[in-house]
Amino acid sequence: MKVLVTGAAGFIGARLSQMLLERGDEVVGLDNLNEYYDVTLKEARLERNLAYPAYRDVRVSLEDDEALAEIFEKYEFERVVNLAAQAGVRYSLENPRAYVDSNVVGFLNLLEGCRTHGIEHLVYASTSSVYGANTNMPFSVHHTVDHPLSMYAATKKSNELMAHTYSHLYGLPTTGLRFFTVYGPWGRPDMALFLFTRKILAGEPIDVFNYGKHKRDFTYVDDIVEGVIRVLDTIPQGDPAWSSDRPDPSTSSAPYRLFNIGNSQQEELMRYIDVLEECLGRTAEKNLLPLQPGDVPETFADVSALADAVGYRPSTPIEVGVERFVAWYREYYGA
């Protein structure tokens with residue numbers, strides 16, 4: 001297939017592009033290489049994919065509707081994976097407009113491109129953050145998610161609603177994927193594992209929020225990407241059993257689906273740090289701090305809908321995933 005991957009210089013996007021190329025797909029990788037974090041890391045990710053003859057590198061922002069329309073016209077791809085977004089819960093408290101511009105306006109432009117060019121399937125990244133104030137564990141796609149706790153979560157919830165509208169009005173097949181705390185090699189510098197590793201190796205204290213009592217469904221990046229690819233290959237159909245009297249938010253009479261992608265294994269943050277310390281051979285000095293605004297204390301994914309639809313469940317334990325991250329970090333930074 002010819003696939004458009006947006007956010008192709010990002011943590012997940014770069015790895016997804018690589019795995020699609022390895023199986024023989026053509027990939028048009030779109031990214032604006034913004035300065036939210038280290039651009040040299042993004043360029044290093046891209047460098048690996050530029051070695052493939054079937055990779056096309058495009059530098060465009062989703063907010064630029066005219067440039068995006070030209071790309072749809074030029075490359076004639078069949079399927080789209082949208083991973084481009086302004087990420088980060090805490091930054092959304094400082095700069096909410098950046099999230100509306102990228103995650104709402106940009107997503108609308110992408111939907112319009114998919115609609116007008118007959119795209120076979122749009123797969124897009126949502127987030128476990130949409131569960132917000134919900135404490136009914138494990139989080140299920142059959143639950144309602146009407147109480148987000150950050151603008152980041154609110155914009156991602158809006159993406160799910162916008163996608164359903166286009167699936168209903170225009171028959172555009174769309175699938176939203178709620179990612180749960182993704183980690184692994186080539187990760188973002190603003191993510192906890194990256195921050196902890198850098199500071200521990202530098203002999204600096206690490207900030208541990210919610211006094212280390214956070215519980216997260218940590219999911220290894222390759223498990224996420226495997227799930228994305230399996231979903232991309234499975235075009236949704238309208239659900240004949242869907243009832244408007246008892247509407248299931250995860251499906252529809254339109255070609256629309258939502259799935260969680262998580263490890264289905266809660267780990268306390270302190271355990272995560274313990275594993276990191278073991279891999280580094282060092283003990284962290286910890287600043288224990290309260291829960292931050294916008295954060296949720298626990299996440300835990302029910303992936304039964306994903307397993308039923310595509311026969312897949314993520315399974316990499318944190319002991320394996322963290323060790324792989326540390327090995328990559330030491331090699332990349334010479335640490």
# chains A, B, ... in the order shown; residues from 1 in each chain; ligands from 1
>>> residues_around(residues="region 5-15 of chain A", least_positions_apart="3", cutoff="7 Å", atoms="only C-alpha atoms", output="count of residues only")
21
>>> select_by_dssp(residues="region 54-105 of chain A", states="helix (DSSP H, G or I)", output="list in words")
Asp65, Glu66, Ala67, Leu68, Ala69, Glu70, Ile71, Phe72, Glu73, Lys74, Tyr75, Tyr91, Ser92, Leu93, Glu94, Pro96, Arg97, Ala98, Tyr99, Val100, Asp101, Ser102, Asn103, Val104 and Val105 of chain A
>>> write_last_selection(atoms="C-alpha atoms", output="mmCIF file, in the first residue's frame")
data_model
loop_
_atom_site.group_PDB
_atom_site.id
_atom_site.type_symbol
_atom_site.label_atom_id
_atom_site.label_comp_id
_atom_site.auth_asym_id
_atom_site.auth_seq_id
_atom_site.Cartn_x
_atom_site.Cartn_y
_atom_site.Cartn_z
ATOM 1 C CA ASP A 65 -4.799 23.280 4.570
ATOM 2 C CA GLU A 66 -3.623 24.312 1.081
ATOM 3 C CA ALA A 67 -0.274 22.525 1.358
ATOM 4 C CA LEU A 68 -1.968 19.437 2.793
ATOM 5 C CA ALA A 69 -4.479 19.379 -0.067
ATOM 6 C CA GLU A 70 -1.598 19.487 -2.557
ATOM 7 C CA ILE A 71 0.038 16.486 -0.885
ATOM 8 C CA PHE A 72 -3.170 14.440 -1.101
ATOM 9 C CA GLU A 73 -3.402 15.344 -4.784
ATOM 10 C CA LYS A 74 0.250 14.595 -5.557
ATOM 11 C CA TYR A 75 0.864 11.286 -3.805
ATOM 12 C CA TYR A 91 2.120 21.787 28.403
ATOM 13 C CA SER A 92 -1.566 21.996 27.483
ATOM 14 C CA LEU A 93 -2.107 24.006 30.677
ATOM 15 C CA GLU A 94 0.475 26.553 29.500
ATOM 16 C CA PRO A 96 -3.899 25.507 25.084
ATOM 17 C CA ARG A 97 -4.126 27.274 21.711
ATOM 18 C CA ALA A 98 -1.315 25.117 20.324
ATOM 19 C CA TYR A 99 -3.504 22.066 20.967
ATOM 20 C CA VAL A 100 -6.525 23.512 19.209
ATOM 21 C CA ASP A 101 -4.428 24.561 16.192
ATOM 22 C CA SER A 102 -2.677 21.213 15.747
ATOM 23 C CA ASN A 103 -5.114 18.694 17.160
ATOM 24 C CA VAL A 104 -8.441 20.191 16.089
ATOM 25 C CA VAL A 105 -7.843 22.463 13.076
#
>>> closest_residue(among="A:Val225, A:Ala254, A:Gly176, A:Lys215", to="Asp239 (chain A)", atoms="only C-alpha atoms")
A:Ala254
>>> residues_around(residues="Ile224 (chain A)", least_positions_apart="4", cutoff="9 Å", atoms="only C-alpha atoms", output="ChimeraX atom specification")
/A:12,16,179-180,182,219-220,228-229,261-262,314
>>> write_last_selection(atoms="N, CA and C atoms", output="compact mmCIF listing (two decimals), in the first residue's frame")
# COMPACT_ATOMS: atom_id res chain seq x y z
N ILE A 12 6.49 7.57 17.86
CA ILE A 12 5.74 6.44 17.32
C ILE A 12 5.74 6.47 15.79
N LEU A 16 6.69 3.42 13.28
CA LEU A 16 5.64 2.89 12.41
C LEU A 16 6.08 2.94 10.95
N PHE A 179 -3.91 5.30 23.01
CA PHE A 179 -2.61 4.79 23.45
C PHE A 179 -2.45 4.97 24.95
N PHE A 180 -1.83 3.99 25.58
CA PHE A 180 -1.59 4.02 27.03
C PHE A 180 -0.09 4.11 27.31
N VAL A 182 3.04 5.25 26.35
CA VAL A 182 4.00 4.61 25.45
C VAL A 182 5.43 4.96 25.86
N THR A 219 3.19 0.86 28.03
CA THR A 219 3.09 0.06 26.81
C THR A 219 4.29 0.32 25.91
N TYR A 220 4.97 -0.76 25.56
CA TYR A 220 6.20 -0.66 24.77
C TYR A 220 5.88 -0.23 23.34
N VAL A 228 -1.16 -0.77 15.69
CA VAL A 228 -1.55 0.20 14.66
C VAL A 228 -1.60 -0.47 13.29
N ILE A 229 -0.59 -1.26 12.98
CA ILE A 229 -0.53 -1.90 11.66
C ILE A 229 -1.68 -2.89 11.49
N ILE A 261 -5.12 0.60 23.10
CA ILE A 261 -3.89 -0.19 22.94
C ILE A 261 -3.05 0.04 24.19
N GLY A 262 -3.04 -0.94 25.07
CA GLY A 262 -2.28 -0.87 26.31
C GLY A 262 -1.79 -2.26 26.68
N PRO A 314 -0.95 -6.34 23.31
CA PRO A 314 0.43 -6.02 23.69
C PRO A 314 0.87 -6.87 24.89
>>> closest_residue(among="A:Ser315, A:Asn34, A:Asn134, A:Thr174", to="Cys114 (chain A)", atoms="only C-alpha atoms")
A:Thr174
>>> residues_around(residues="Glu78 (chain A)", least_positions_apart="5", cutoff="9 Å", atoms="only C-alpha atoms", output="PyMOL selection string")
chain A and resi 1-4+117-121
>>> residues_around(residues="Gln265 (chain A)", least_positions_apart="2", cutoff="9 Å", atoms="only C-alpha atoms", output="list in words")
Arg216, Asp217, Phe218, Thr219, Gly262, Asn263, Glu267, Phe300, Ala301, Ser315 and Pro317 of chain A
>>> atom_distance(atom1="CA of Tyr211 (chain A)", atom2="CA of Tyr37 (chain A)")
26.4 Å
>>> closest_residue(among="A:Ala307, A:Leu161, A:Ala44, A:Ile200", to="Glu277 (chain A)", atoms="only C-alpha atoms")
A:Ile200
>>> residues_around(residues="Asp274 (chain A)", least_positions_apart="2", cutoff="12 Å", atoms="only C-alpha atoms", output="list of chain:residue names")
A:Leu193, A:Phe196, A:Thr197, A:Ile200, A:Gly212, A:Glu267, A:Glu268, A:Leu269, A:Met270, A:Arg271, A:Tyr272, A:Leu276, A:Glu277, A:Glu278, A:Cys279, A:Leu280, A:Gly281, A:Arg282, A:Thr283, A:Ala284, A:Glu285, A:Lys286, A:Ile318, A:Glu319, A:Val322, A:Glu323
>>> write_last_selection(atoms="N, CA, C and O atoms", output="CSV table (one decimal), in the first residue's frame")
chain,number,residue,atom,x,y,z
A,193,LEU,N,10.3,8.4,31.4
A,193,LEU,CA,11.5,7.5,31.4
A,193,LEU,C,12.7,8.2,30.9
A,193,LEU,O,13.8,8.0,31.4
A,196,PHE,N,13.9,10.7,33.6
A,196,PHE,CA,14.5,10.0,34.8
A,196,PHE,C,15.9,9.5,34.4
A,196,PHE,O,16.8,9.6,35.2
A,197,THR,N,16.0,8.9,33.2
A,197,THR,CA,17.3,8.4,32.8
A,197,THR,C,18.4,9.5,32.8
A,197,THR,O,19.5,9.3,33.3
A,200,ILE,N,19.2,10.7,36.4
A,200,ILE,CA,19.9,9.7,37.2
A,200,ILE,C,21.3,9.6,36.8
A,200,ILE,O,22.3,9.6,37.6
A,212,GLY,N,4.8,9.1,43.9
A,212,GLY,CA,5.2,7.8,43.4
A,212,GLY,C,4.0,6.8,43.3
A,212,GLY,O,4.2,5.6,43.0
A,267,GLU,N,1.2,-0.9,36.6
A,267,GLU,CA,2.5,-0.8,37.3
A,267,GLU,C,2.5,0.5,38.1
A,267,GLU,O,2.2,1.5,37.6
A,268,GLU,N,2.9,0.4,39.4
A,268,GLU,CA,3.1,1.6,40.1
A,268,GLU,C,4.3,2.3,39.7
A,268,GLU,O,5.3,1.7,39.3
A,269,LEU,N,4.3,3.7,39.7
A,269,LEU,CA,5.4,4.5,39.2
A,269,LEU,C,6.7,4.1,39.9
A,269,LEU,O,7.8,4.0,39.3
A,270,MET,N,6.6,3.8,41.2
A,270,MET,CA,7.8,3.5,42.0
A,270,MET,C,8.4,2.2,41.5
A,270,MET,O,9.7,2.0,41.5
A,271,ARG,N,7.6,1.2,41.1
A,271,ARG,CA,8.1,0.0,40.5
A,271,ARG,C,8.8,0.2,39.2
A,271,ARG,O,9.9,-0.3,38.9
A,272,TYR,N,8.3,1.1,38.4
A,272,TYR,CA,8.9,1.5,37.1
A,272,TYR,C,10.3,2.1,37.4
A,272,TYR,O,11.2,1.8,36.7
A,276,LEU,N,14.1,0.8,36.3
A,276,LEU,CA,15.1,1.7,35.7
A,276,LEU,C,16.4,1.8,36.5
A,276,LEU,O,17.5,1.7,35.9
A,277,GLU,N,16.3,1.9,37.8
A,277,GLU,CA,17.5,1.9,38.6
A,277,GLU,C,18.3,0.6,38.4
A,277,GLU,O,19.6,0.7,38.4
A,278,GLU,N,17.6,-0.5,38.4
A,278,GLU,CA,18.3,-1.8,38.2
A,278,GLU,C,19.1,-1.8,36.8
A,278,GLU,O,20.2,-2.3,36.7
A,279,CYS,N,18.4,-1.3,35.8
A,279,CYS,CA,19.0,-1.3,34.4
A,279,CYS,C,20.2,-0.3,34.4
A,279,CYS,O,21.2,-0.6,33.7
A,280,LEU,N,20.1,0.8,35.1
A,280,LEU,CA,21.2,1.8,35.1
A,280,LEU,C,22.3,1.4,36.1
A,280,LEU,O,23.4,2.0,36.0
A,281,GLY,N,22.0,0.6,37.1
A,281,GLY,CA,23.0,0.3,38.1
A,281,GLY,C,23.2,1.5,39.0
A,281,GLY,O,24.3,1.6,39.7
A,282,ARG,N,22.2,2.3,39.2
A,282,ARG,CA,22.3,3.5,40.0
A,282,ARG,C,21.0,3.7,40.8
A,282,ARG,O,19.9,3.3,40.3
A,283,THR,N,21.0,4.4,41.9
A,283,THR,CA,19.8,4.7,42.7
A,283,THR,C,19.5,6.2,42.5
A,283,THR,O,20.4,7.0,42.6
A,284,ALA,N,18.2,6.5,42.3
A,284,ALA,CA,17.8,7.8,42.1
A,284,ALA,C,17.6,8.6,43.4
A,284,ALA,O,17.0,8.0,44.4
A,285,GLU,N,17.9,9.8,43.4
A,285,GLU,CA,17.4,10.7,44.5
A,285,GLU,C,16.1,11.3,44.1
A,285,GLU,O,15.9,11.8,43.0
A,286,LYS,N,15.1,11.1,44.9
A,286,LYS,CA,13.7,11.4,44.5
A,286,LYS,C,13.1,12.6,45.3
A,286,LYS,O,13.2,12.6,46.5
A,318,ILE,N,7.7,-4.5,31.5
A,318,ILE,CA,8.5,-3.3,31.6
A,318,ILE,C,10.0,-3.6,31.8
A,318,ILE,O,10.9,-2.9,31.5
A,319,GLU,N,10.3,-4.8,32.4
A,319,GLU,CA,11.7,-5.2,32.6
A,319,GLU,C,12.4,-5.3,31.3
A,319,GLU,O,13.6,-4.9,31.1
A,322,VAL,N,12.1,-1.4,29.4
A,322,VAL,CA,13.0,-0.4,30.0
A,322,VAL,C,14.5,-0.7,29.7
A,322,VAL,O,15.3,0.2,29.4
A,323,GLU,N,14.9,-2.0,29.8
A,323,GLU,CA,16.2,-2.4,29.4
A,323,GLU,C,16.6,-2.0,28.0
A,323,GLU,O,17.7,-1.5,27.7
>>> closest_atom_pairs(of="region 178-280 of chain A", to="region 153-157 of chain A", cutoff="12 Å", atoms="only C-alpha atoms", output="Markdown table")
| residue | atom | partner | partner_atom | distance |
| --- | --- | --- | --- | --- |
| A:Arg178 | CA | A:Lys156 | CA | 9.2 |
| A:Phe179 | CA | A:Lys156 | CA | 11.1 |
| A:Pro249 | CA | A:Lys157 | CA | 11.5 |
| A:Leu258 | CA | A:Lys157 | CA | 11.2 |
>>> decode(residues="region 62-85 of chain A", atoms="N, CA, C and O atoms", output="compact mmCIF listing (two decimals), in the first residue's frame")
# COMPACT_ATOMS: atom_id res chain seq x y z
N LEU A 62 -0.11 20.19 9.55
CA LEU A 62 -1.51 19.88 9.25
C LEU A 62 -2.38 21.13 9.21
O LEU A 62 -3.42 21.15 8.54
N GLU A 63 -1.97 22.16 9.92
CA GLU A 63 -2.76 23.39 9.94
C GLU A 63 -2.77 24.10 8.59
O GLU A 63 -3.62 24.94 8.33
N ASP A 64 -1.80 23.81 7.73
CA ASP A 64 -1.70 24.43 6.40
C ASP A 64 -2.58 23.65 5.43
O ASP A 64 -2.15 22.70 4.79
N ASP A 65 -3.83 24.06 5.34
CA ASP A 65 -4.80 23.28 4.57
C ASP A 65 -4.47 23.23 3.09
O ASP A 65 -4.66 22.19 2.43
N GLU A 66 -3.94 24.30 2.51
CA GLU A 66 -3.62 24.31 1.08
C GLU A 66 -2.47 23.37 0.77
O GLU A 66 -2.52 22.60 -0.20
N ALA A 67 -1.42 23.42 1.58
CA ALA A 67 -0.27 22.52 1.36
C ALA A 67 -0.67 21.07 1.55
O ALA A 67 -0.24 20.18 0.80
N LEU A 68 -1.52 20.81 2.55
CA LEU A 68 -1.97 19.44 2.79
C LEU A 68 -2.80 18.92 1.62
O LEU A 68 -2.64 17.77 1.19
N ALA A 69 -3.66 19.77 1.08
CA ALA A 69 -4.48 19.38 -0.07
C ALA A 69 -3.60 19.03 -1.26
O ALA A 69 -3.88 18.07 -2.01
N GLU A 70 -2.52 19.77 -1.45
CA GLU A 70 -1.60 19.49 -2.56
C GLU A 70 -0.93 18.13 -2.38
O GLU A 70 -0.70 17.40 -3.37
N ILE A 71 -0.61 17.77 -1.15
CA ILE A 71 0.04 16.49 -0.88
C ILE A 71 -0.92 15.33 -1.18
O ILE A 71 -0.53 14.32 -1.78
N PHE A 72 -2.17 15.47 -0.78
CA PHE A 72 -3.17 14.44 -1.10
C PHE A 72 -3.28 14.27 -2.62
O PHE A 72 -3.37 13.14 -3.13
N GLU A 73 -3.27 15.38 -3.33
CA GLU A 73 -3.40 15.34 -4.78
C GLU A 73 -2.17 14.71 -5.44
O GLU A 73 -2.29 13.91 -6.38
N LYS A 74 -1.00 15.03 -4.93
CA LYS A 74 0.25 14.59 -5.56
C LYS A 74 0.54 13.11 -5.35
O LYS A 74 0.92 12.41 -6.29
N TYR A 75 0.36 12.62 -4.12
CA TYR A 75 0.86 11.29 -3.80
C TYR A 75 -0.17 10.17 -3.93
O TYR A 75 0.19 9.00 -4.02
N GLU A 76 -1.44 10.49 -3.91
CA GLU A 76 -2.51 9.51 -4.12
C GLU A 76 -2.34 8.27 -3.23
O GLU A 76 -2.38 7.14 -3.70
N PHE A 77 -2.15 8.49 -1.93
CA PHE A 77 -2.06 7.34 -1.02
C PHE A 77 -3.43 6.75 -0.77
O PHE A 77 -4.46 7.38 -0.99
N GLU A 78 -3.39 5.51 -0.29
CA GLU A 78 -4.64 4.76 -0.10
C GLU A 78 -5.14 4.82 1.34
O GLU A 78 -6.34 4.81 1.59
N ARG A 79 -4.20 4.83 2.29
CA ARG A 79 -4.58 4.84 3.70
C ARG A 79 -3.76 5.87 4.46
O ARG A 79 -2.66 6.25 4.01
N VAL A 80 -4.27 6.30 5.59
CA VAL A 80 -3.65 7.38 6.36
C VAL A 80 -3.58 6.99 7.83
O VAL A 80 -4.55 6.46 8.39
N VAL A 81 -2.42 7.25 8.44
CA VAL A 81 -2.28 7.11 9.90
C VAL A 81 -1.89 8.48 10.44
O VAL A 81 -0.83 9.01 10.09
N ASN A 82 -2.75 9.05 11.27
CA ASN A 82 -2.48 10.38 11.83
C ASN A 82 -1.90 10.27 13.23
O ASN A 82 -2.61 9.94 14.19
N LEU A 83 -0.60 10.56 13.34
CA LEU A 83 0.08 10.60 14.64
C LEU A 83 0.59 11.99 14.95
O LEU A 83 1.19 12.21 16.02
N ALA A 84 0.39 12.93 14.03
CA ALA A 84 0.82 14.31 14.27
C ALA A 84 -0.12 14.97 15.27
O ALA A 84 -1.34 14.91 15.12
N ALA A 85 0.46 15.57 16.30
CA ALA A 85 -0.35 16.24 17.32
C ALA A 85 0.56 17.05 18.22
O ALA A 85 1.76 16.77 18.31
